[in-house]
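Structure file upload-v7.txt (compact mmCIF, C-alpha atoms) is printed below.
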```txt
# COMPACT_ATOMS: atom_id res chain seq x y z
CA MET A 21 154.75 223.21 173.74
CA LYS A 22 155.32 225.58 176.63
CA GLU A 23 152.14 227.44 175.82
CA ASN A 24 150.01 224.28 175.85
CA SER A 25 151.58 223.11 179.07
CA TYR A 26 151.02 226.53 180.65
CA GLY A 27 147.38 226.55 179.69
CA LYS A 28 146.69 223.14 181.22
CA LYS A 29 148.36 224.20 184.44
CA SER A 30 146.18 227.32 184.72
CA SER A 31 142.99 225.27 184.22
CA MET A 32 143.94 222.85 187.01
CA SER A 33 144.63 225.78 189.38
CA LYS A 34 141.10 227.23 188.97
CA LYS A 35 139.50 223.89 189.74
CA ALA A 36 141.65 223.54 192.83
CA LYS A 37 140.69 227.00 194.04
CA LYS A 38 137.01 226.28 193.52
CA MET A 39 137.27 223.02 195.36
CA THR A 40 139.14 224.72 198.19
CA GLY A 41 136.36 227.34 198.45
CA TYR A 42 133.73 224.61 198.69
CA ILE A 43 135.68 222.85 201.39
CA ILE A 44 136.15 226.06 203.38
CA GLY A 45 132.46 226.94 203.07
CA ILE A 46 131.38 223.52 204.18
CA GLY A 47 133.85 223.71 207.04
CA ILE A 48 132.51 227.10 208.19
CA LEU A 49 128.91 225.93 207.91
CA THR A 50 129.74 222.78 209.83
CA ALA A 51 131.55 224.81 212.49
CA MET A 52 128.57 227.16 212.85
CA ILE A 53 126.16 224.27 213.16
CA VAL A 54 128.39 222.64 215.76
CA PHE A 55 128.87 226.00 217.54
CA PHE A 56 125.17 226.82 217.79
CA SER A 57 124.21 223.26 218.59
CA TYR A 58 126.88 222.73 221.21
CA TYR A 59 126.24 226.09 222.91
CA LYS A 60 122.47 226.04 222.55
CA VAL A 61 120.69 227.61 225.54
CA ASP A 62 118.41 225.09 227.20
CA SER A 63 118.00 226.81 230.55
CA VAL A 64 117.84 230.43 231.76
CA GLU A 65 118.17 231.40 235.41
CA VAL A 66 116.98 234.78 236.74
CA ARG A 67 118.42 236.29 239.89
CA GLY A 68 118.02 239.48 241.86
CA THR A 69 114.47 240.59 241.06
CA SER A 70 111.56 241.08 243.42
CA HIS A 71 109.39 243.17 241.10
CA TYR A 72 109.15 240.93 238.03
CA THR A 73 108.61 237.25 237.31
CA ASP A 74 111.31 235.19 235.63
CA GLU A 75 109.31 235.07 232.41
CA GLU A 76 108.90 238.86 232.38
CA VAL A 77 112.67 239.34 232.79
CA LYS A 78 113.44 236.87 229.98
CA ALA A 79 111.02 238.66 227.67
CA MET A 80 112.62 242.03 228.46
CA VAL A 81 116.25 240.90 228.02
CA LEU A 82 116.43 238.09 225.46
CA ARG A 83 115.01 239.89 222.44
CA GLY A 84 116.73 238.31 219.46
CA PRO A 85 117.71 235.07 217.70
CA LEU A 86 121.24 235.05 219.12
CA ALA A 87 119.84 234.85 222.64
CA SER A 88 119.72 231.09 222.16
CA ASN A 89 123.54 230.87 222.16
CA SER A 90 125.24 230.78 225.54
CA VAL A 91 128.46 232.39 224.19
CA LEU A 92 126.90 235.29 222.26
CA ALA A 93 124.05 236.12 224.65
CA PRO A 94 126.31 237.54 227.41
CA MET A 95 128.06 239.77 224.86
CA LEU A 96 124.91 241.06 223.17
CA TYR A 97 122.21 241.27 225.83
CA SER A 98 123.85 242.67 228.95
CA THR A 99 122.69 246.29 229.21
CA THR A 100 122.35 249.32 231.44
CA ASN A 101 119.83 250.95 229.12
CA THR A 102 116.78 250.32 231.29
CA ASP A 103 114.94 253.63 231.14
CA ASP A 104 111.79 251.85 230.01
CA VAL A 105 111.92 249.27 232.83
CA ALA A 106 110.72 250.40 236.25
CA PHE A 107 112.85 249.61 239.34
CA VAL A 108 115.79 248.24 237.29
CA ASP A 109 119.26 249.77 236.91
CA ALA A 110 120.87 247.07 234.72
CA PHE A 111 120.66 243.54 233.33
CA LYS A 112 123.77 241.34 233.22
CA VAL A 113 123.84 238.07 231.27
CA THR A 114 126.47 235.44 232.11
CA GLN A 115 127.22 231.90 230.96
CA LEU A 116 126.95 229.28 233.69
CA ASN A 117 127.74 226.34 231.42
CA ARG A 118 127.49 225.60 227.70
CA ASN A 119 123.69 225.20 227.86
CA THR A 120 122.76 227.57 230.69
CA ILE A 121 122.85 231.35 231.05
CA CYS A 122 121.95 233.56 233.98
CA ILE A 123 120.27 236.98 233.92
CA SER A 124 121.24 239.02 236.98
CA VAL A 125 118.97 241.99 237.68
CA LYS A 126 120.35 245.02 239.45
CA GLU A 127 117.28 246.64 240.97
CA LYS A 128 116.81 250.05 242.42
CA LYS A 129 116.17 249.92 246.15
CA PRO A 130 113.15 252.08 247.03
CA VAL A 131 112.33 252.13 250.73
CA GLY A 132 108.99 253.86 250.39
CA CYS A 133 106.54 255.59 248.12
CA ILE A 134 104.15 258.52 248.31
CA HIS A 135 101.26 259.62 246.14
CA TYR A 136 101.96 262.74 244.10
CA LEU A 137 99.46 264.07 241.56
CA ASP A 138 98.34 260.95 239.66
CA SER A 139 101.44 258.79 240.26
CA TYR A 140 103.30 256.91 242.96
CA ILE A 141 106.74 258.36 243.68
CA TYR A 142 109.35 255.88 244.96
CA PHE A 143 112.36 257.04 246.96
CA ASP A 144 115.48 255.37 248.36
CA ARG A 145 116.94 255.59 251.86
CA ASN A 146 118.55 258.93 251.00
CA GLY A 147 115.26 260.42 249.85
CA ILE A 148 116.27 260.28 246.17
CA PHE A 149 113.39 260.00 243.71
CA VAL A 150 114.29 256.74 241.96
CA GLU A 151 111.10 255.71 240.18
CA GLY A 152 107.60 256.80 239.27
CA SER A 153 104.67 254.60 238.39
CA LYS A 154 100.91 254.80 237.83
CA THR A 155 100.46 251.64 239.88
CA ARG A 156 101.50 250.88 243.43
CA ASP A 157 103.99 248.14 244.28
CA GLU A 158 102.53 246.43 247.34
CA SER A 159 105.99 245.28 248.46
CA VAL A 160 107.10 248.88 249.06
CA PRO A 161 105.75 250.72 252.13
CA TYR A 162 103.26 253.44 251.21
CA PHE A 163 103.38 256.64 253.29
CA ASP A 164 100.43 258.99 253.57
CA GLY A 165 100.98 262.43 255.04
CA ILE A 166 104.48 263.09 253.65
CA GLN A 167 104.22 266.35 251.71
CA VAL A 168 106.64 267.43 248.99
CA ASN A 169 107.03 270.75 247.21
CA LYS A 170 108.35 269.25 243.96
CA VAL A 171 109.77 266.04 242.54
CA VAL A 172 112.67 265.63 240.11
CA MET A 173 113.95 262.24 238.97
CA ASP A 174 117.30 261.24 240.55
CA GLU A 175 117.15 264.20 242.92
CA LYS A 176 116.32 264.33 246.61
CA LEU A 177 112.66 264.91 247.34
CA ASP A 178 111.82 268.36 248.68
CA ILE A 179 110.01 267.00 251.74
CA LYS A 180 108.28 269.21 254.27
CA GLY A 181 109.46 268.27 257.77
CA GLU A 182 113.09 267.66 258.65
CA THR A 183 112.79 264.32 260.44
CA VAL A 184 109.93 262.60 258.62
CA LEU A 185 112.25 261.07 256.01
CA ASN A 186 114.43 259.51 258.71
CA THR A 187 111.31 258.10 260.36
CA ALA A 188 110.09 256.65 257.06
CA VAL A 189 113.45 254.99 256.38
CA ALA A 190 113.60 253.56 259.92
CA LEU A 191 110.10 252.09 259.59
CA SER A 192 110.88 250.62 256.16
CA THR A 193 113.98 248.92 257.55
CA ILE A 194 111.91 247.37 260.34
CA PHE A 195 109.24 246.18 257.89
CA GLN A 196 111.85 244.55 255.68
CA LYS A 197 113.24 242.62 258.63
CA ASN A 198 109.85 241.27 259.66
CA ASP A 199 108.10 241.11 256.29
CA LYS A 200 104.99 242.70 257.80
CA ILE A 201 104.31 245.73 255.61
CA PRO A 202 101.12 247.66 256.53
CA ASP A 203 98.52 248.58 253.95
CA HIS A 204 99.78 252.11 254.45
CA ILE A 205 101.55 254.29 257.01
CA GLN A 206 99.99 257.59 257.97
CA PHE A 207 101.57 260.72 259.45
CA ASP A 208 99.27 263.31 260.97
CA SER A 209 100.01 267.04 261.10
CA SER A 210 102.27 266.57 264.14
CA TYR A 211 103.98 263.53 262.50
CA SER A 212 102.48 260.99 264.86
CA ILE A 213 102.51 257.57 263.20
CA SER A 214 99.59 255.24 262.47
CA LEU A 215 99.91 251.88 260.74
CA ILE A 216 96.89 250.47 258.90
CA TYR A 217 96.61 246.67 258.85
CA GLY A 218 93.23 245.91 257.30
CA ASP A 219 90.59 246.87 259.89
CA VAL A 220 93.17 247.39 262.64
CA THR A 221 94.84 250.77 263.13
CA VAL A 222 98.05 250.75 265.16
CA GLN A 223 98.85 254.10 266.74
CA LEU A 224 102.60 254.27 267.30
CA GLY A 225 102.72 257.90 268.39
CA LYS A 226 105.98 259.78 267.92
CA ASP A 227 109.27 258.50 266.50
CA GLU A 228 110.47 256.98 269.77
CA ASN A 229 111.51 253.36 270.45
CA LEU A 230 110.10 252.34 267.08
CA GLU A 231 111.78 248.95 266.95
CA GLU A 232 110.60 247.95 270.42
CA LYS A 233 107.08 249.15 269.66
CA MET A 234 107.02 247.18 266.40
CA ASN A 235 108.21 244.03 268.15
CA ARG A 236 105.20 244.33 270.44
CA VAL A 237 102.88 245.07 267.51
CA LEU A 238 104.02 241.99 265.59
CA ALA A 239 103.43 239.82 268.66
CA ILE A 240 99.91 241.21 269.21
CA LEU A 241 98.57 241.39 265.63
CA PRO A 242 97.90 237.63 265.25
CA ASN A 243 95.53 237.87 268.23
CA LEU A 244 93.49 240.58 266.48
CA THR A 245 92.62 238.57 263.37
CA GLY A 246 89.04 239.28 262.32
CA LYS A 247 88.67 242.23 264.68
CA LYS A 248 88.25 245.92 263.96
CA GLY A 249 89.54 248.75 266.11
CA ILE A 250 92.55 250.69 267.37
CA LEU A 251 95.68 249.25 268.99
CA HIS A 252 97.37 251.84 271.19
CA MET A 253 101.17 251.52 271.06
CA GLU A 254 102.14 255.13 271.79
CA SER A 255 104.20 253.91 274.74
CA VAL A 256 106.44 250.91 275.30
CA SER A 257 104.76 250.40 278.66
CA SER A 258 102.59 247.28 278.51
CA ASP A 259 100.00 248.96 280.76
CA MET A 260 99.33 251.48 277.99
CA ASN A 261 99.04 248.94 275.18
CA THR A 262 95.28 248.50 274.86
CA PHE A 263 92.99 247.55 272.00
CA GLU A 264 89.70 249.37 271.51
CA GLU A 265 87.44 247.12 269.49
CA GLU A 266 84.92 248.83 267.29
CA GLN A 267 81.45 247.32 267.45
CA GLU A 268 79.14 247.03 264.48
CA GLU A 269 76.71 249.88 264.01
CA VAL A 270 73.18 249.22 265.19
CA GLU A 271 70.36 250.98 263.39
CA ILE A 272 67.99 252.50 265.91
CA THR A 273 64.47 251.25 265.22
CA ALA A 274 61.16 251.37 267.05
CA GLU A 275 61.94 247.91 268.39
CA ASN A 276 65.35 248.62 269.97
CA TRP A 277 64.84 252.30 270.84
CA ASN A 278 65.37 252.70 274.58
CA GLY A 279 64.01 256.20 275.03
CA GLY A 280 60.64 257.36 276.30
CA TYR A 281 61.81 259.50 279.22
CA ASP A 282 61.68 263.29 279.45
CA GLU A 283 64.44 265.57 280.68
CA ASN A 284 63.26 265.13 284.27
CA GLY A 285 63.53 261.35 284.08
CA ASP A 286 59.78 260.74 283.94
CA TYR A 287 58.53 258.10 281.53
CA THR A 288 56.19 259.55 278.92
CA GLY A 289 56.47 256.91 276.21
CA ASP A 290 57.73 259.34 273.60
CA GLY A 291 60.43 261.26 275.49
CA GLU A 292 63.80 261.56 273.81
CA TYR A 293 65.95 260.39 276.75
CA ASP A 294 66.69 256.96 278.17
CA GLU A 295 66.28 255.99 281.81
CA ASN A 296 69.84 257.16 282.55
CA GLY A 297 69.21 260.64 281.18
CA ASN A 298 71.14 260.09 277.92
CA TYR A 299 69.68 261.73 274.85
CA VAL A 300 68.66 259.06 272.32
CA GLY A 301 66.47 261.05 269.96
CA ALA A 302 62.85 260.79 268.98
CA LYS A 303 61.16 257.40 268.78
CA PRO A 304 61.56 255.93 265.26
CA MET A 305 58.41 255.03 263.36
CA THR A 306 57.37 251.43 262.86
CA ALA A 307 57.06 249.99 259.36
CA LEU A 308 53.29 250.41 259.57
CA GLU A 309 53.58 254.03 260.66
CA GLU A 310 55.95 254.76 257.78
CA ALA A 311 53.61 253.06 255.31
CA ILE A 312 50.63 255.10 256.57
CA THR A 313 52.70 258.29 256.39
CA ASP A 314 53.65 257.53 252.77
CA TRP A 315 50.07 256.60 251.86
CA ASN A 316 48.23 259.65 250.46
CA GLY A 317 44.76 258.18 250.17
CA GLY A 318 41.67 258.66 252.35
CA TYR A 319 39.25 260.02 249.73
CA ASP A 320 36.26 258.23 248.24
CA GLU A 321 35.28 258.12 244.57
CA GLU A 322 33.34 261.40 244.91
CA GLY A 323 36.42 263.18 246.30
CA ASP A 324 35.16 263.37 249.87
CA TYR A 325 37.71 262.70 252.61
CA THR A 326 36.74 259.75 254.73
CA GLY A 327 40.11 258.77 256.14
CA VAL A 328 39.90 255.28 254.70
CA GLY A 329 39.01 255.95 251.07
CA GLU A 330 41.19 254.37 248.43
CA TYR A 331 41.71 257.51 246.32
CA ASP A 332 43.97 260.53 246.74
CA ALA A 333 42.92 264.17 246.62
CA ASP A 334 43.27 264.20 242.82
CA GLY A 335 41.03 261.19 242.33
CA ASN A 336 43.85 258.73 241.63
CA TYR A 337 43.40 255.22 242.97
CA VAL A 338 46.08 254.49 245.58
CA GLY A 339 44.67 251.40 247.28
CA PRO A 340 43.40 250.81 250.80
CA LYS A 341 44.99 252.27 253.89
CA PRO A 342 47.96 250.09 254.95
CA THR A 343 47.41 247.71 257.83
CA GLN A 344 49.72 245.30 259.57
CA GLU A 345 47.94 242.43 257.82
CA SER A 346 48.47 243.99 254.38
CA LEU A 347 52.17 244.56 255.10
CA ASP A 348 52.55 240.93 256.21
CA ALA A 349 50.77 239.69 253.09
CA ALA A 350 52.90 241.84 250.80
CA ALA A 351 56.07 240.55 252.47
CA GLY A 352 54.86 236.96 252.11
CA GLU A 353 54.11 237.39 248.41
CA SER A 354 57.53 238.94 247.84
CA ASP A 355 59.34 236.06 249.54
CA SER A 356 57.24 233.49 247.72
CA SER A 357 57.98 235.14 244.38
CA ASP A 358 61.70 235.16 245.12
CA ASN A 359 61.64 231.46 245.99
CA GLN A 360 59.81 230.62 242.78
CA ASP A 361 62.30 232.60 240.72
CA ASP A 362 65.22 230.79 242.33
CA SER A 363 63.73 227.32 241.93
CA GLY A 364 62.62 228.02 238.38
CA SER A 365 66.08 229.01 237.25
CA ASP A 366 67.85 226.02 238.77
CA SER A 367 65.38 223.12 238.68
CA ALA A 368 65.28 222.29 234.98
CA TYR A 369 68.30 220.92 233.12
CA SER A 370 68.94 220.73 229.42
CA ASP A 371 67.99 217.07 229.29
CA GLY A 372 64.44 217.77 230.49
CA THR A 373 64.93 216.46 234.03
CA TYR A 374 64.74 218.27 237.33
CA ALA A 375 67.16 218.40 240.22
CA ASP A 376 65.02 215.96 242.22
CA GLY A 377 65.12 213.44 239.34
CA SER A 378 61.56 213.98 238.05
CA GLU A 379 61.07 214.41 234.31
CA GLU A 380 59.65 217.48 232.66
CA ASN A 381 55.96 217.14 231.74
CA GLN A 382 55.85 216.28 228.05
CA GLY A 383 52.06 216.00 227.67
CA SER A 384 52.08 216.65 223.94
CA GLN A 385 54.54 213.80 223.43
CA ASP A 386 53.09 211.12 225.69
CA GLY A 387 49.80 210.87 223.84
CA THR A 388 47.62 212.62 226.44
CA GLY A 389 47.39 215.72 224.28
CA SER A 390 47.58 218.03 227.31
CA ASP A 391 50.17 220.71 227.95
CA TRP A 392 51.96 221.31 231.24
CA ASN A 393 49.57 223.37 233.35
CA GLY A 394 52.18 225.19 235.41
CA ASP A 395 51.61 223.24 238.65
CA SER A 396 54.64 223.29 240.93
CA TYR A 397 56.64 220.12 241.30
CA GLY A 398 56.92 219.49 245.02
CA ASP A 399 58.53 216.70 246.94
CA SER A 400 55.21 214.86 247.08
CA GLY A 401 54.88 214.90 243.29
CA ASP A 402 51.15 215.67 243.44
CA GLY A 403 51.38 218.88 241.44
CA SER A 404 50.13 221.03 244.32
CA ASP A 405 50.86 224.73 244.31
CA SER A 406 53.93 225.05 246.50
CA SER A 407 53.90 228.85 246.35
CA GLN A 408 50.48 228.96 248.03
CA ASP A 409 51.71 226.58 250.73
CA ALA A 410 54.78 228.74 251.26
CA TYR A 411 52.59 231.82 251.57
CA GLU A 412 50.26 230.23 254.10
CA GLU A 413 53.21 228.99 256.12
CA TYR A 414 54.77 232.43 256.13
CA SER A 415 51.48 234.06 257.19
CA SER A 416 51.03 231.70 260.11
CA ASP A 417 54.62 231.93 261.33
CA GLY A 418 55.33 235.55 260.50
CA SER A 419 52.62 236.87 262.79
CA GLU A 420 54.63 235.75 265.80
CA ASP A 421 57.15 238.50 265.13
CA TYR A 422 54.61 241.23 265.96
CA ASN A 423 53.19 242.40 269.27
CA SER A 424 49.49 242.83 269.96
CA ASP A 425 49.78 246.58 269.23
CA GLY A 426 51.12 245.88 265.75
CA SER A 427 54.76 246.78 266.51
CA TYR A 428 57.46 244.51 265.11
CA SER A 429 59.42 242.56 267.70
CA GLY A 430 61.93 240.82 265.40
CA ASP A 431 65.68 241.28 265.51
CA SER A 432 67.40 243.98 263.47
CA GLY A 433 70.70 243.44 261.71
CA TYR A 434 72.55 246.64 262.24
CA GLY A 435 74.80 248.03 264.93
CA GLU A 436 75.72 251.16 266.79
CA SER A 437 79.23 252.52 266.28
CA TYR A 438 81.15 252.88 269.48
CA TYR A 439 84.32 251.74 271.16
CA ASP A 440 83.61 249.95 274.38
CA ASN A 441 85.63 246.75 274.57
CA GLU A 442 89.17 247.32 275.73
CA GLU A 443 91.72 244.57 275.92
CA SER A 444 95.12 245.05 277.52
CA TYR A 445 98.26 243.55 276.05
```
What is this structure when it is put down as C-alpha cells?
Amino acid sequence: MKENSYGKKSSMSKKAKKMTGYIIGIGILTAMIVFFSYYKVDSVEVRGTSHYTDEEVKAMVLRGPLASNSVLAPMLYSTTNTDDVAFVDAFKVTQLNRNTICISVKEKKPVGCIHYLDSYIYFDRNGIFVEGSKTRDESVPYFDGIQVNKVVMDEKLDIKGETVLNTAVALSTIFQKNDKIPDHIQFDSSYSISLIYGDVTVQLGKDENLEEKMNRVLAILPNLTGKKGILHMESVSSDMNTFEEEQEEVEITAENWNGGYDENGDYTGDGEYDENGNYVGAKPMTALEEAITDWNGGYDEEGDYTGVGEYDADGNYVGPKPTQESLDAAAGESDSSDNQDDSGSDSAYSDGTYADGSEENQGSQDGTGSDWNGDSYGDSGDGSDSSQDAYEEYSSDGSEDYNSDGSYSGDSGYGESYYDNEESY
C-alpha cells in the first residue's frame, strides 16, 4: 500500500513542476512584452553636433534591435570608439523618459584647417592635429599659407612661423563670434593677412588690432554686395579704409581703340599712343580685315593671281573675297538659323498643337491628300516664310551698325581690368 501511494504522489509532483514551468515561462514572456512595450523608444533627440544631421547620428549610433528600448539603449550604445567618425570623440545615450532617449555628441573642436598633400588637416586651438578628411568642412576656417614640416595625429603641428598659429586661433575665435567665416584666409610670405569673401578681398595687414579691424570689416561688407575688388583694412584709421573696385575687362577692338598718335603726339591714324601719350598698342583689325587676312584666295581657275579670284594657289575653291556685305549676310543667316532651331524645338507639342494654339498640318488625314510643305507658321497664319522675313529685317537694320568705311560701330561686351574707383569707409 505504501508503494502504490508513493507512486501516485511522485506522478502528481511531475505534473505540478511542469505546470509551474509553464506559468513561469508565460510570466517571463509577458514581462518581456510589457517591458519592451512600456519602454519602447518613440522619440530620439540629438544634441551637440554641428557636423552631422540628426538622422546621420542616429544611423551611426543606434545599430541594433535593442536600440528601440529606452532602458537598454543607454547601456549598449554609449561609446567612445569613434575612430571611424570624423570630428567626434564620443557618443552618450541617455533616457529622458520611458519613450524618449537622447544622443549627446562630444565633438572635437577644430579651429582651423590647412591643405596638406591631398587632405584637409584640422587642428584645435593648441595646434593639435585632431582630424583629417578628403573633403573640406565649410564651417571651419580654411587657412592658406600656413606651412608645416610634418603632421602626426594627436600631435602638435610642426608649423613654420612662431606666431602664425596664434594669429589663426585669434581669427577663428572672432569668426565664431560673428558667424562670418571667409571662403579662406591667406597668409603671404611676411604673414600679412587677407580674407577672401567671394569677389571681395579684405587686406588686414599684420596681426594688430584684429578684433577692431574685423568689427569694421563686418560693418562694411554688406555695402559691397555684388562688387569686386579690394578692401584695405591694414590700419584701424578710417581714413585708410578704402575700397578699390575692380572694373570689368574691356577687349580692345578697332571700334574702341583710342590710339593713332605717334611718340611725338602727332596724329597719324595708326600710331600706337593715345592723345595723352599713353602706349595703347597697335590698332586692332576689324572683322572684315581679319576675314580678308584669313582668306587665301585671289587666283582664277587657270591659276593666275587676280586678287579677286575664288581659288587658292593650289586650285582649291575658297569662295569670293570677303566683303562687308557678305559678312552681314552670313551673320544674318546664322541668326535666322538659330531662331528656327529654337522655335522648331519648342513649338510642337505631343498632342499635335503649337504654342500659339494652331494645329499641326495633317494634310494626309483631312482628305486633301497633300503633305505639310514646311512653310513656317507665323502669327498671321498665312504660311509665309518667317525665316526670310527675319533675314530681310536683319539686313536692313544691321547695316546701321557700320560706318561708311565699313568699320563696325556697335558696342562691345568686354572690359579693361583696372582699379580706378575708390570709396572711403
Set the distance at 7 Å and use only C-alpha atoms: which residues neighbour Gly152 in chain A once local chain neighbours fewer than 2 positions away are removed? I'd like the list as a list in words.
Ser139, Tyr140, Ile141 and Tyr142 of chain A
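Taking CA of Phe111 in chain A and CA of Tyr97 in chain A as endpoints, the distance between them is 8.0 Å.
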Rank A:Arg156, A:Tyr211, A:Arg67, A:Val168 by their smallest atom-to-atom distance to Val125 in chain A, using only C-alpha atoms, and report the top residue only.
A:Arg67
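Distances from A:Val131, A:Leu251, A:Val77, A:Ala190 to Glu65 in chain A were compared using all atoms listed in the file, and the smallest one belongs to A:Val77.
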List as a VMD selection string the protein and nucleic acid residues near range 73-76 of chain A, meaning an atom at most 12 Å away when only C-alpha atoms are counted, but skip any in the same chain fewer than 5 places from it.
chain A and resid 63 to 68 81 to 83 105 122 to 125
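Nearest residue to Leu116 in chain A, choosing from A:Gly147, A:Tyr59, A:Thr102, A:Pro161 and counting only C-alpha atoms: A:Tyr59.
Our summary of the geometry notes that CA of Ser258 in chain A is positioned 17.1 Å from CA of Pro242 in chain A.
Here the question is which of A:Val256, A:Met95, A:Leu86, A:Met39 gets nearest to Leu230 in chain A using all atoms listed in the file, and that residue is A:Val256.
The space between CA of Ser346 in chain A and CA of Gly318 in chain A spans 16.3 Å.
Nearest-residue note for Ser255 in chain A: choosing from A:Ile205, A:Leu224, A:Ala87, A:Val237, the minimum distance belongs to A:Leu224, counting only C-alpha atoms.
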Applying 10 Å and all atoms listed in the file, which residues near Asp334 in chain A remain after dropping the ones on its own chain fewer than 4 positions away? List them as a list in words.
Gly317, Tyr319 and Gly323 of chain A
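Those residues positioned at most 7 Å from (88.5, 249.1, 267.7) are Lys248, Gly249, Ile250, Phe263, Glu264, Glu265, Glu266 and Tyr439 of chain A, judged using all atoms listed in the file.
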